[in-house]
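J.: One file is attached below, my_file_5.cif, containing mmCIF, C-alpha atoms.
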data_model
loop_
_atom_site.label_atom_id
_atom_site.label_comp_id
_atom_site.auth_asym_id
_atom_site.auth_seq_id
_atom_site.Cartn_x
_atom_site.Cartn_y
_atom_site.Cartn_z
CA MET A 1 -35.07 -43.46 -101.90
CA SER A 2 -36.23 -40.95 -104.49
CA MET A 3 -39.88 -42.00 -104.24
CA SER A 4 -39.96 -41.42 -100.47
CA GLY A 5 -41.46 -38.15 -99.29
CA ASN A 6 -39.25 -38.29 -96.22
CA CYS A 7 -36.19 -38.34 -98.51
CA TYR A 8 -37.65 -35.70 -100.83
CA LYS A 9 -37.83 -33.29 -97.87
CA LEU A 10 -34.03 -33.24 -97.77
CA ARG A 11 -33.62 -32.88 -101.52
CA LEU A 12 -35.99 -29.91 -101.56
CA LEU A 13 -34.29 -28.09 -98.68
CA LEU A 14 -30.75 -28.84 -99.92
CA GLU A 15 -31.64 -27.49 -103.37
CA GLN A 16 -33.26 -24.39 -101.92
CA LEU A 17 -30.23 -23.80 -99.67
CA GLY A 18 -27.91 -24.30 -102.67
CA ARG A 19 -25.87 -26.84 -100.70
CA ASP A 20 -23.61 -29.39 -102.36
CA TYR A 21 -24.52 -32.98 -101.55
CA ARG A 22 -24.20 -36.46 -102.92
CA TRP A 23 -27.44 -38.47 -103.17
CA ILE A 24 -27.05 -42.22 -102.61
CA GLU A 25 -30.15 -44.14 -103.65
CA VAL A 26 -31.30 -46.84 -101.17
CA ASP A 27 -34.43 -48.81 -102.08
CA SER A 28 -36.22 -49.63 -98.84
CA ALA A 29 -38.97 -51.46 -100.75
CA ARG A 30 -36.34 -53.95 -101.96
CA GLY A 31 -34.39 -54.52 -98.74
CA GLY A 32 -31.82 -51.74 -99.12
CA THR A 33 -32.35 -50.57 -95.53
CA ARG A 34 -31.86 -54.09 -94.10
CA THR A 35 -28.27 -54.67 -95.20
CA PRO A 36 -25.54 -54.84 -92.52
CA ALA A 37 -23.89 -51.73 -94.01
CA PHE A 38 -27.10 -49.72 -93.80
CA LEU A 39 -28.04 -50.95 -90.32
CA ALA A 40 -24.57 -49.94 -89.10
CA ARG A 41 -25.51 -46.36 -90.05
CA ASN A 42 -29.14 -46.50 -88.87
CA PRO A 43 -30.01 -49.41 -86.56
CA ASN A 44 -33.67 -48.42 -87.01
CA GLY A 45 -33.40 -49.36 -90.70
CA ARG A 46 -35.03 -46.30 -92.25
CA VAL A 47 -34.25 -43.74 -94.92
CA PRO A 48 -33.26 -40.93 -95.11
CA LEU A 49 -30.03 -40.31 -93.28
CA ILE A 50 -27.19 -37.86 -93.81
CA GLU A 51 -23.54 -38.72 -93.40
CA LEU A 52 -21.05 -35.91 -92.96
CA GLU A 53 -17.58 -36.00 -94.51
CA ASP A 54 -16.14 -37.09 -91.16
CA GLY A 55 -18.52 -40.07 -91.00
CA ARG A 56 -20.98 -38.76 -88.43
CA VAL A 57 -24.56 -39.79 -89.16
CA LEU A 58 -27.92 -38.15 -88.43
CA VAL A 59 -31.24 -39.97 -88.94
CA GLU A 60 -34.93 -38.92 -88.96
CA SER A 61 -36.00 -36.68 -91.83
CA ASN A 62 -37.40 -33.86 -89.71
CA ALA A 63 -34.37 -33.73 -87.40
CA ILE A 64 -32.19 -33.51 -90.52
CA LEU A 65 -34.31 -30.59 -91.81
CA CYS A 66 -33.71 -28.80 -88.47
CA TRP A 67 -29.96 -29.44 -88.66
CA LEU A 68 -29.61 -28.32 -92.28
CA ALA A 69 -31.78 -25.23 -91.80
CA GLU A 70 -30.31 -24.02 -88.51
CA GLY A 71 -29.41 -20.35 -88.74
CA THR A 72 -31.11 -19.88 -92.13
CA GLY A 73 -34.37 -18.18 -93.08
CA PHE A 74 -36.04 -21.60 -93.32
CA VAL A 75 -36.33 -21.65 -89.50
CA PRO A 76 -38.31 -18.90 -87.75
CA ALA A 77 -36.09 -16.48 -85.82
CA ASP A 78 -38.71 -16.17 -83.08
CA ALA A 79 -38.49 -18.91 -80.42
CA TRP A 80 -42.27 -19.35 -80.17
CA GLN A 81 -42.60 -19.74 -83.94
CA ARG A 82 -39.66 -22.17 -83.93
CA ALA A 83 -41.60 -24.24 -81.40
CA GLN A 84 -44.68 -24.05 -83.64
CA ALA A 85 -42.58 -25.31 -86.57
CA LEU A 86 -41.44 -28.27 -84.48
CA SER A 87 -45.02 -28.87 -83.38
CA TRP A 88 -46.17 -29.20 -87.00
CA MET A 89 -43.21 -31.47 -87.76
CA PHE A 90 -44.19 -33.80 -84.88
CA PHE A 91 -47.80 -33.63 -86.12
CA GLU A 92 -46.54 -34.64 -89.55
CA GLN A 93 -44.71 -37.72 -88.26
CA TYR A 94 -47.41 -38.85 -85.81
CA SER A 95 -50.77 -37.85 -87.31
CA HIS A 96 -50.14 -37.41 -91.06
CA GLU A 97 -47.32 -39.58 -92.46
CA PRO A 98 -48.46 -42.88 -90.84
CA TYR A 99 -51.75 -42.57 -92.74
CA ILE A 100 -51.15 -40.58 -95.93
CA ALA A 101 -47.68 -41.91 -96.75
CA VAL A 102 -48.50 -45.46 -95.71
CA ALA A 103 -51.67 -45.49 -97.86
CA ARG A 104 -49.55 -44.33 -100.80
CA PHE A 105 -46.95 -47.02 -100.11
CA ILE A 106 -49.55 -49.77 -99.91
CA ARG A 107 -51.24 -48.67 -103.16
CA GLY A 108 -48.04 -48.17 -105.16
CA TRP A 109 -45.48 -50.55 -103.71
CA THR A 110 -47.27 -53.68 -102.47
CA PRO A 111 -48.82 -56.43 -104.64
CA VAL A 112 -52.40 -55.80 -105.70
CA ASP A 113 -53.48 -58.79 -103.58
CA SER A 114 -51.54 -57.69 -100.46
CA PRO A 115 -53.49 -58.22 -97.21
CA ARG A 116 -52.25 -54.77 -96.16
CA ARG A 117 -54.79 -53.28 -98.57
CA ALA A 118 -57.46 -54.09 -95.98
CA ASP A 119 -55.94 -51.25 -93.89
CA LEU A 120 -56.72 -48.61 -96.52
CA PRO A 121 -60.17 -47.51 -95.26
CA ARG A 122 -58.80 -46.83 -91.75
CA LEU A 123 -55.73 -45.06 -93.14
CA ARG A 124 -57.93 -42.85 -95.32
CA GLU A 125 -60.14 -41.89 -92.38
CA ARG A 126 -57.16 -40.87 -90.26
CA GLY A 127 -55.43 -39.16 -93.18
CA HIS A 128 -58.50 -37.03 -93.83
CA GLN A 129 -58.49 -36.00 -90.16
CA ALA A 130 -54.92 -34.73 -90.60
CA LEU A 131 -55.81 -32.88 -93.80
CA ALA A 132 -58.75 -31.23 -92.00
CA VAL A 133 -56.40 -29.98 -89.26
CA MET A 134 -54.11 -28.50 -91.92
CA GLU A 135 -57.01 -26.91 -93.81
CA ARG A 136 -58.21 -25.28 -90.60
CA HIS A 137 -54.77 -23.82 -89.85
CA LEU A 138 -54.58 -22.37 -93.37
CA GLN A 139 -57.81 -20.43 -92.80
CA SER A 140 -55.77 -17.82 -90.93
CA ALA A 141 -52.19 -18.30 -92.13
CA ASP A 142 -50.29 -18.64 -95.40
CA TRP A 143 -47.55 -20.87 -93.90
CA PHE A 144 -47.38 -23.39 -91.07
CA ALA A 145 -45.03 -21.52 -88.72
CA GLY A 146 -44.28 -17.82 -88.72
CA ALA A 147 -44.63 -15.38 -91.56
CA ALA A 148 -42.55 -17.22 -94.16
CA TYR A 149 -42.11 -20.57 -95.90
CA GLY A 150 -39.83 -22.91 -93.95
CA ILE A 151 -39.07 -26.39 -92.67
CA ALA A 152 -42.59 -27.05 -91.33
CA ASP A 153 -43.98 -26.39 -94.83
CA ILE A 154 -41.32 -28.64 -96.39
CA ALA A 155 -42.11 -31.46 -93.93
CA LEU A 156 -45.85 -31.24 -94.65
CA PHE A 157 -45.53 -30.67 -98.41
CA ALA A 158 -43.57 -33.91 -98.89
CA TYR A 159 -46.53 -36.29 -98.53
CA THR A 160 -49.43 -33.85 -98.91
CA HIS A 161 -48.59 -32.95 -102.51
CA CYS A 162 -48.73 -36.64 -103.49
CA ALA A 163 -51.66 -37.60 -101.23
CA GLY A 164 -53.57 -38.48 -104.42
CA ASP A 165 -51.24 -41.49 -104.75
CA GLY A 166 -52.74 -42.70 -101.45
CA GLY A 167 -56.28 -42.28 -102.75
CA PHE A 168 -56.93 -38.91 -101.11
CA ASP A 169 -58.97 -36.39 -103.09
CA LEU A 170 -57.59 -32.97 -102.18
CA SER A 171 -60.32 -31.04 -103.99
CA ALA A 172 -62.22 -30.80 -100.69
CA TYR A 173 -59.31 -28.81 -99.22
CA PRO A 174 -59.05 -25.56 -101.20
CA ARG A 175 -56.68 -23.87 -98.74
CA ILE A 176 -54.32 -26.83 -98.90
CA GLY A 177 -54.47 -26.62 -102.69
CA ALA A 178 -53.53 -22.92 -102.63
CA TRP A 179 -50.72 -23.58 -100.11
CA LEU A 180 -49.30 -26.36 -102.33
CA GLU A 181 -49.15 -23.81 -105.16
CA ARG A 182 -47.41 -21.27 -102.92
CA VAL A 183 -44.79 -23.89 -102.00
CA ARG A 184 -44.24 -24.76 -105.68
CA ALA A 185 -43.63 -21.04 -106.36
CA THR A 186 -40.84 -20.66 -103.75
CA PRO A 187 -37.33 -19.88 -105.07
CA GLY A 188 -35.33 -22.97 -106.00
CA PHE A 189 -38.30 -25.33 -105.67
CA VAL A 190 -37.69 -28.79 -107.18
CA PRO A 191 -40.44 -31.39 -107.61
CA MET A 192 -40.24 -34.97 -106.40
CA PRO A 193 -38.69 -37.12 -109.17
CA PRO A 194 -41.24 -38.98 -111.34
CA LEU A 195 -42.35 -42.41 -110.15
CA ASP A 196 -40.93 -45.50 -111.85
CA ASP A 197 -43.10 -47.42 -114.33
CA GLU A 198 -44.00 -50.18 -111.88
CA ALA A 199 -45.35 -47.83 -109.21
CA THR A 200 -47.13 -45.73 -111.83
CA ALA A 201 -48.86 -48.82 -113.21
CA ARG A 202 -49.87 -50.08 -109.75
CA LEU A 203 -51.33 -46.71 -108.77
CA ALA A 204 -53.28 -46.53 -112.02
CA SER A 205 -54.79 -49.99 -111.50
CA THR A 206 -55.78 -49.56 -107.79
CA ASP A 207 -59.03 -48.28 -106.35
CA MET B 1 -54.10 -36.67 -68.50
CA SER B 2 -51.95 -37.86 -65.62
CA MET B 3 -51.75 -41.45 -66.88
CA SER B 4 -50.42 -40.33 -70.30
CA GLY B 5 -46.68 -40.61 -70.79
CA ASN B 6 -46.85 -37.73 -73.28
CA CYS B 7 -48.31 -35.53 -70.51
CA TYR B 8 -45.88 -36.89 -67.91
CA LYS B 9 -42.97 -35.65 -70.04
CA LEU B 10 -44.05 -32.07 -69.33
CA ARG B 11 -44.64 -32.65 -65.63
CA LEU B 12 -41.16 -34.13 -65.27
CA LEU B 13 -39.39 -31.31 -67.11
CA LEU B 14 -41.42 -28.54 -65.42
CA GLU B 15 -40.61 -29.99 -61.98
CA GLN B 16 -36.93 -30.35 -62.84
CA LEU B 17 -36.85 -26.78 -64.14
CA GLY B 18 -38.63 -25.55 -61.00
CA ARG B 19 -41.21 -23.75 -63.12
CA ASP B 20 -44.62 -22.73 -61.78
CA TYR B 21 -47.50 -24.22 -63.73
CA ARG B 22 -51.14 -25.15 -63.36
CA TRP B 23 -52.06 -28.72 -64.35
CA ILE B 24 -55.56 -29.11 -65.85
CA GLU B 25 -56.60 -32.75 -66.04
CA VAL B 26 -58.25 -33.79 -69.34
CA ASP B 27 -59.31 -37.43 -69.70
CA SER B 28 -58.85 -38.39 -73.33
CA ALA B 29 -60.12 -41.92 -72.60
CA ARG B 30 -63.50 -40.42 -71.62
CA GLY B 31 -63.94 -37.86 -74.41
CA GLY B 32 -62.21 -34.89 -72.75
CA THR B 33 -60.22 -34.11 -75.90
CA ARG B 34 -63.34 -34.10 -78.12
CA THR B 35 -65.21 -31.21 -76.51
CA PRO B 36 -65.64 -27.97 -78.51
CA ALA B 37 -63.57 -26.09 -75.89
CA PHE B 38 -60.67 -28.54 -76.21
CA LEU B 39 -60.82 -28.74 -80.02
CA ALA B 40 -60.67 -24.94 -80.15
CA ARG B 41 -57.27 -25.20 -78.46
CA ASN B 42 -56.04 -28.27 -80.37
CA PRO B 43 -58.01 -29.15 -83.52
CA ASN B 44 -56.06 -32.44 -83.57
CA GLY B 45 -57.79 -33.45 -80.31
CA ARG B 46 -54.76 -34.65 -78.35
CA VAL B 47 -53.16 -34.04 -74.98
CA PRO B 48 -50.90 -32.49 -73.82
CA LEU B 49 -50.93 -28.83 -74.71
CA ILE B 50 -49.63 -25.75 -72.92
CA GLU B 51 -51.45 -22.45 -72.78
CA LEU B 52 -49.51 -19.32 -71.89
CA GLU B 53 -50.98 -16.57 -69.76
CA ASP B 54 -51.72 -14.54 -72.90
CA GLY B 55 -53.73 -17.44 -74.36
CA ARG B 56 -51.23 -18.68 -76.93
CA VAL B 57 -51.25 -22.48 -77.28
CA LEU B 58 -48.56 -25.00 -78.21
CA VAL B 59 -49.35 -28.67 -78.90
CA GLU B 60 -47.24 -31.85 -79.38
CA SER B 61 -45.43 -33.09 -76.28
CA ASN B 62 -41.93 -33.12 -77.77
CA ALA B 63 -42.26 -29.64 -79.28
CA ILE B 64 -43.37 -28.42 -75.84
CA LEU B 65 -40.28 -30.02 -74.27
CA CYS B 66 -38.11 -28.11 -76.75
CA TRP B 67 -39.87 -24.84 -75.99
CA LEU B 68 -39.70 -25.23 -72.22
CA ALA B 69 -36.06 -26.37 -72.25
CA GLU B 70 -34.70 -23.79 -74.69
CA GLY B 71 -31.60 -22.16 -73.29
CA THR B 72 -31.36 -24.54 -70.32
CA GLY B 73 -28.99 -27.43 -69.62
CA PHE B 74 -31.71 -29.87 -70.71
CA VAL B 75 -30.87 -29.09 -74.36
CA PRO B 76 -27.35 -29.80 -75.66
CA ALA B 77 -25.38 -26.61 -76.32
CA ASP B 78 -23.72 -28.21 -79.36
CA ALA B 79 -25.77 -27.93 -82.58
CA TRP B 80 -24.99 -31.47 -83.72
CA GLN B 81 -26.03 -32.93 -80.36
CA ARG B 82 -29.18 -30.78 -80.44
CA ALA B 83 -29.99 -32.39 -83.78
CA GLN B 84 -29.35 -35.83 -82.27
CA ALA B 85 -31.76 -35.00 -79.42
CA LEU B 86 -34.42 -34.06 -81.98
CA SER B 87 -33.66 -37.24 -83.92
CA TRP B 88 -34.37 -39.40 -80.84
CA MET B 89 -37.54 -37.40 -80.15
CA PHE B 90 -38.81 -38.07 -83.69
CA PHE B 91 -37.80 -41.74 -83.24
CA GLU B 92 -39.85 -41.77 -80.03
CA GLN B 93 -42.98 -40.45 -81.71
CA TYR B 94 -42.70 -42.56 -84.89
CA SER B 95 -41.06 -45.86 -83.90
CA HIS B 96 -41.64 -46.21 -80.13
CA GLU B 97 -44.79 -44.51 -78.82
CA PRO B 98 -47.18 -45.90 -81.50
CA TYR B 99 -46.29 -49.42 -80.31
CA ILE B 100 -45.28 -49.27 -76.65
CA ALA B 101 -47.74 -46.59 -75.52
CA VAL B 102 -50.57 -47.94 -77.66
CA ALA B 103 -50.07 -51.50 -76.31
CA ARG B 104 -50.27 -50.05 -72.77
CA PHE B 105 -53.42 -48.09 -73.65
CA ILE B 106 -55.13 -51.13 -75.14
CA ARG B 107 -54.27 -53.33 -72.12
CA GLY B 108 -55.19 -50.78 -69.44
CA TRP B 109 -57.89 -48.58 -70.93
CA THR B 110 -59.98 -50.67 -73.35
CA PRO B 111 -62.51 -53.38 -72.39
CA VAL B 112 -61.04 -56.87 -71.98
CA ASP B 113 -63.07 -58.00 -75.01
CA SER B 114 -61.99 -55.06 -77.23
CA PRO B 115 -61.22 -56.07 -80.84
CA ARG B 116 -58.17 -53.79 -80.59
CA ARG B 117 -56.52 -56.47 -78.45
CA ALA B 118 -55.92 -58.42 -81.67
CA ASP B 119 -53.31 -55.74 -82.51
CA LEU B 120 -51.16 -56.55 -79.48
CA PRO B 121 -48.82 -59.15 -81.08
CA ARG B 122 -47.87 -56.74 -83.88
CA LEU B 123 -47.47 -53.84 -81.46
CA ARG B 124 -45.19 -55.96 -79.25
CA GLU B 125 -43.02 -56.97 -82.19
CA ARG B 126 -42.54 -53.35 -83.30
CA GLY B 127 -42.07 -52.15 -79.72
CA HIS B 128 -39.30 -54.66 -79.15
CA GLN B 129 -37.58 -53.37 -82.31
CA ALA B 130 -37.59 -49.87 -80.80
CA LEU B 131 -36.26 -51.13 -77.48
CA ALA B 132 -33.46 -52.97 -79.30
CA VAL B 133 -32.44 -49.73 -81.06
CA MET B 134 -32.31 -47.97 -77.68
CA GLU B 135 -30.34 -50.81 -76.05
CA ARG B 136 -27.80 -50.63 -78.86
CA HIS B 137 -27.33 -46.88 -78.44
CA LEU B 138 -26.78 -47.31 -74.70
CA GLN B 139 -23.86 -49.68 -75.36
CA SER B 140 -21.68 -46.64 -75.97
CA ALA B 141 -23.46 -43.75 -74.24
CA ASP B 142 -25.05 -42.97 -70.88
CA TRP B 143 -27.64 -40.57 -72.32
CA PHE B 144 -29.44 -40.22 -75.65
CA ALA B 145 -27.93 -36.93 -76.85
CA GLY B 146 -24.73 -35.35 -75.68
CA ALA B 147 -22.93 -35.87 -72.39
CA ALA B 148 -25.83 -35.11 -70.05
CA TYR B 149 -29.43 -35.99 -69.26
CA GLY B 150 -31.90 -33.90 -71.25
CA ILE B 151 -35.10 -33.67 -73.28
CA ALA B 152 -34.36 -36.74 -75.43
CA ASP B 153 -34.05 -38.84 -72.26
CA ILE B 154 -37.29 -37.34 -70.88
CA ALA B 155 -39.14 -38.09 -74.13
CA LEU B 156 -37.95 -41.71 -74.16
CA PHE B 157 -38.30 -42.31 -70.41
CA ALA B 158 -42.00 -41.43 -70.46
CA TYR B 159 -43.24 -44.64 -72.05
CA THR B 160 -40.17 -46.85 -71.64
CA HIS B 161 -40.34 -46.86 -67.83
CA CYS B 162 -43.92 -48.17 -67.95
CA ALA B 163 -43.45 -50.49 -70.94
CA GLY B 164 -44.35 -53.36 -68.60
CA ASP B 165 -47.93 -52.01 -68.64
CA GLY B 166 -47.90 -52.78 -72.38
CA GLY B 167 -46.71 -56.33 -71.76
CA PHE B 168 -43.03 -55.67 -72.52
CA ASP B 169 -40.49 -57.49 -70.38
CA LEU B 170 -37.54 -55.13 -70.00
CA SER B 171 -35.29 -57.71 -68.34
CA ALA B 172 -33.80 -58.52 -71.76
CA TYR B 173 -32.53 -54.91 -71.99
CA PRO B 174 -30.01 -54.42 -69.16
CA ARG B 175 -28.65 -51.12 -70.50
CA ILE B 176 -32.16 -49.69 -70.70
CA GLY B 177 -32.69 -50.83 -67.11
CA ALA B 178 -29.53 -49.04 -65.95
CA TRP B 179 -30.49 -45.89 -67.90
CA LEU B 180 -33.96 -45.85 -66.31
CA GLU B 181 -32.23 -45.87 -62.91
CA ARG B 182 -29.94 -43.02 -63.95
CA VAL B 183 -32.97 -40.97 -65.00
CA ARG B 184 -34.71 -41.68 -61.67
CA ALA B 185 -31.59 -40.40 -59.88
CA THR B 186 -31.53 -37.00 -61.64
CA PRO B 187 -32.16 -33.91 -59.48
CA GLY B 188 -35.82 -33.07 -59.02
CA PHE B 189 -37.05 -36.30 -60.61
CA VAL B 190 -40.75 -37.00 -60.05
CA PRO B 191 -42.44 -40.31 -60.92
CA MET B 192 -45.58 -40.66 -63.01
CA PRO B 193 -48.61 -40.50 -60.69
CA PRO B 194 -50.00 -43.93 -59.70
CA LEU B 195 -52.63 -45.48 -61.99
CA ASP B 196 -56.26 -45.38 -60.96
CA ASP B 197 -57.90 -48.56 -59.62
CA GLU B 198 -59.69 -49.38 -62.86
CA ALA B 199 -56.54 -49.33 -65.01
CA THR B 200 -54.58 -51.20 -62.33
CA ALA B 201 -57.21 -53.94 -62.24
CA ARG B 202 -57.35 -54.22 -66.05
CA LEU B 203 -53.58 -54.48 -66.36
CA ALA B 204 -53.46 -57.16 -63.64
CA SER B 205 -56.11 -59.26 -65.41
CA THR B 206 -54.67 -59.04 -68.95
CA ASP B 207 -52.21 -61.35 -70.64
#
What would the structure in this file look like if it were written as structure tokens?
T.:
Amino acid sequence: MSMSGNCYKLRLLLEQLGRDYRWIEVDSARGGTRTPAFLARNPNGRVPLIELEDGRVLVESNAILCWLAEGTGFVPADAWQRAQALSWMFFEQYSHEPYIAVARFIRGWTPVDSPRRADLPRLRERGHQALAVMERHLQSADWFAGAAYGIADIALFAYTHCAGDGGFDLSAYPRIGAWLERVRATPGFVPMPPLDDEATARLASTD
Amino acid sequence: MSMSGNCYKLRLLLEQLGRDYRWIEVDSARGGTRTPAFLARNPNGRVPLIELEDGRVLVESNAILCWLAEGTGFVPADAWQRAQALSWMFFEQYSHEPYIAVARFIRGWTPVDSPRRADLPRLRERGHQALAVMERHLQSADWFAGAAYGIADIALFAYTHCAGDGGFDLSAYPRIGAWLERVRATPGFVPMPPLDDEATARLASTD
């Protein structure tokens, strides 16, 4: 799903690795992850997944980043820094994505009268806590794990760069803003594809 | 925090590895993760963390499992199976723990009139979805990644074995039941410490 930050993580790394791949669009907002064919590949019903030429499947965006990046410069060579990269990737899935990505989804992909919109204040509070943790880390480091850009940065960039779609004002986080610019300047960087007209209109009309 | 499944993961692996360690109890239910000293170690305010003798800190239970197990038989030697182990560990933190562990926390560690108890039906529904995904995997495998017990099993055992505390009846999941017994039979297995009287009493008096 091109609009999903979790899917964008893979696109960004694959492009930066120069790997050949075939992108198959699955729209989870319209039931594409609930079909029998999809559930046979991922019984948990979530995008993204990768399928190798021999049919083997791997699910969970951050596990896929680890698999694709293994042995490349996108994973720290030092074991302790590799563990720190994983730590930030678990932080991303537990303390960041469930608030920042879900707020974005509710604002852009649910009806304007959805009862889920009542969750937005709580999601914003928790999302700002995650952003504050990131801002603090960036006081003393340019990247999230080790001395170079890598998979922890990709995992966190995916939903941080579009946090504004979830109603988050990033201007209070200057170090995050500078880090986003450093990511955008990495070799082979590709942006997330533009949103479709429907999501763009919903985001523009939502508080 | 001895009652935390996320902390228990580390105790179980450390015991099975035969590693020396010092356990420092921090009670997150009573503010122990919100002190300045704790937040200096983990700005995200969560247990567990490990601190090495030189003062370096690593947070996030599943990243700590990876660090402690690196190069041991608790991590699959095959790169694809290592990725599958990580995939299940991300599944655990995103699709399992936020429902099964949180339902247990609400039932055992919040007042019987807590407004959070209104969340329990939704948490149970999502938790059962996670258990169904696990049951399906165990139709064709004894362990979660590769041919042997390892860190993915430890990560999933932590809150699955005490899912009953969250109000989940595991009798509908016979393969999970058999897997729990296989984990308990692994060399050096140690159970989670018994609950304190207050949590035991709350769990006994809650629907």
J.: If the PyMOL selection byres ((chain A and resi 105) around 12) is run on the structure shown, which residues does it catch, given as a count of residues only?
T.: 39
J.: Dump as a ChimeraX atom specification the residues of chain A that approach chain B to within 10 Å, counting all atoms listed in the file.
T.: /A:42-45,56-68,70,79-95,97-98,129-130,132-134,136-137
J.: So which residues get picked by the PyMOL selection byres ((chain B and resi 176) around 12) here, written as JSON, numbers by chain?
T.: {"B": [130, 131, 132, 133, 134, 135, 136, 137, 138, 139, 141, 142, 143, 144, 153, 156, 157, 160, 161, 163, 169, 170, 171, 172, 173, 174, 175, 177, 178, 179, 180, 181, 182, 183]}
J.: Using atom CA of Asp27 of chain A and atom CA of Met192 of chain A as the two end points, give the distance in Å to one decimal.
T.: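 Taking atom CA of Asp27 of chain A as the start and atom CA of Met192 of chain A as the end point, the length is 15.6 Å.
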J.: Would you work out the distance separating atom CA of Ala158 of chain B from atom CA of Leu14 of chain B, expressed in Å to one decimal?
T.: 13.9 Å
J.: Using atom CA of Gly127 of chain A and atom CA of Phe38 of chain B as the two end points, give the distance in Å to one decimal.
T.: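 Distance reported for this atom pair: 20.7 Å.
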J.: Emit segment 59-71 of chain B of the structure in the block as a file comprising N, CA, C and O atoms, as a PDB file, in the first residue's frame.
T.:
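Written file, part-v2.pdb:
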ATOM      1  N   VAL B  59      17.669  -0.673  25.851  1.00  0.00           N
ATOM      2  CA  VAL B  59      16.249  -0.782  26.212  1.00  0.00           C
ATOM      3  C   VAL B  59      15.510  -1.584  25.146  1.00  0.00           C
ATOM      4  O   VAL B  59      16.055  -1.865  24.078  1.00  0.00           O
ATOM      5  N   GLU B  60      14.252  -1.935  25.434  1.00  0.00           N
ATOM      6  CA  GLU B  60      13.357  -2.733  24.586  1.00  0.00           C
ATOM      7  C   GLU B  60      13.659  -4.228  24.762  1.00  0.00           C
ATOM      8  O   GLU B  60      14.682  -4.745  24.310  1.00  0.00           O
ATOM      9  N   SER B  61      12.702  -4.912  25.383  1.00  0.00           N
ATOM     10  CA  SER B  61      12.916  -6.306  25.785  1.00  0.00           C
ATOM     11  C   SER B  61      13.385  -7.187  24.628  1.00  0.00           C
ATOM     12  O   SER B  61      14.313  -7.995  24.792  1.00  0.00           O
ATOM     13  N   ASN B  62      12.777  -7.045  23.459  1.00  0.00           N
ATOM     14  CA  ASN B  62      13.127  -7.967  22.376  1.00  0.00           C
ATOM     15  C   ASN B  62      14.486  -7.647  21.756  1.00  0.00           C
ATOM     16  O   ASN B  62      15.185  -8.550  21.288  1.00  0.00           O
ATOM     17  N   ALA B  63      14.874  -6.369  21.777  1.00  0.00           N
ATOM     18  CA  ALA B  63      16.229  -6.023  21.329  1.00  0.00           C
ATOM     19  C   ALA B  63      17.262  -6.577  22.313  1.00  0.00           C
ATOM     20  O   ALA B  63      18.338  -7.027  21.908  1.00  0.00           O
ATOM     21  N   ILE B  64      16.919  -6.565  23.601  1.00  0.00           N
ATOM     22  CA  ILE B  64      17.831  -7.113  24.612  1.00  0.00           C
ATOM     23  C   ILE B  64      17.974  -8.625  24.427  1.00  0.00           C
ATOM     24  O   ILE B  64      19.085  -9.170  24.524  1.00  0.00           O
ATOM     25  N   LEU B  65      16.856  -9.310  24.130  1.00  0.00           N
ATOM     26  CA  LEU B  65      16.956 -10.757  23.836  1.00  0.00           C
ATOM     27  C   LEU B  65      17.938 -10.995  22.689  1.00  0.00           C
ATOM     28  O   LEU B  65      18.778 -11.901  22.751  1.00  0.00           O
ATOM     29  N   CYS B  66      17.815 -10.211  21.626  1.00  0.00           N
ATOM     30  CA  CYS B  66      18.714 -10.390  20.470  1.00  0.00           C
ATOM     31  C   CYS B  66      20.168 -10.190  20.867  1.00  0.00           C
ATOM     32  O   CYS B  66      21.052 -10.941  20.452  1.00  0.00           O
ATOM     33  N   TRP B  67      20.425  -9.167  21.659  1.00  0.00           N
ATOM     34  CA  TRP B  67      21.787  -8.861  22.089  1.00  0.00           C
ATOM     35  C   TRP B  67      22.355  -9.988  22.945  1.00  0.00           C
ATOM     36  O   TRP B  67      23.461 -10.478  22.723  1.00  0.00           O
ATOM     37  N   LEU B  68      21.566 -10.429  23.926  1.00  0.00           N
ATOM     38  CA  LEU B  68      22.060 -11.463  24.840  1.00  0.00           C
ATOM     39  C   LEU B  68      22.265 -12.793  24.114  1.00  0.00           C
ATOM     40  O   LEU B  68      23.164 -13.560  24.455  1.00  0.00           O
ATOM     41  N   ALA B  69      21.428 -13.074  23.126  1.00  0.00           N
ATOM     42  CA  ALA B  69      21.448 -14.391  22.483  1.00  0.00           C
ATOM     43  C   ALA B  69      22.395 -14.456  21.297  1.00  0.00           C
ATOM     44  O   ALA B  69      22.638 -15.553  20.772  1.00  0.00           O
ATOM     45  N   GLU B  70      22.930 -13.306  20.873  1.00  0.00           N
ATOM     46  CA  GLU B  70      23.747 -13.301  19.655  1.00  0.00           C
ATOM     47  C   GLU B  70      24.874 -14.330  19.735  1.00  0.00           C
ATOM     48  O   GLU B  70      25.597 -14.411  20.727  1.00  0.00           O
ATOM     49  N   GLY B  71      24.950 -15.147  18.694  1.00  0.00           N
ATOM     50  CA  GLY B  71      26.009 -16.150  18.638  1.00  0.00           C
ATOM     51  C   GLY B  71      25.737 -17.405  19.456  1.00  0.00           C
ATOM     52  O   GLY B  71      26.606 -18.275  19.547  1.00  0.00           O
TER      53      GLY B  71
END
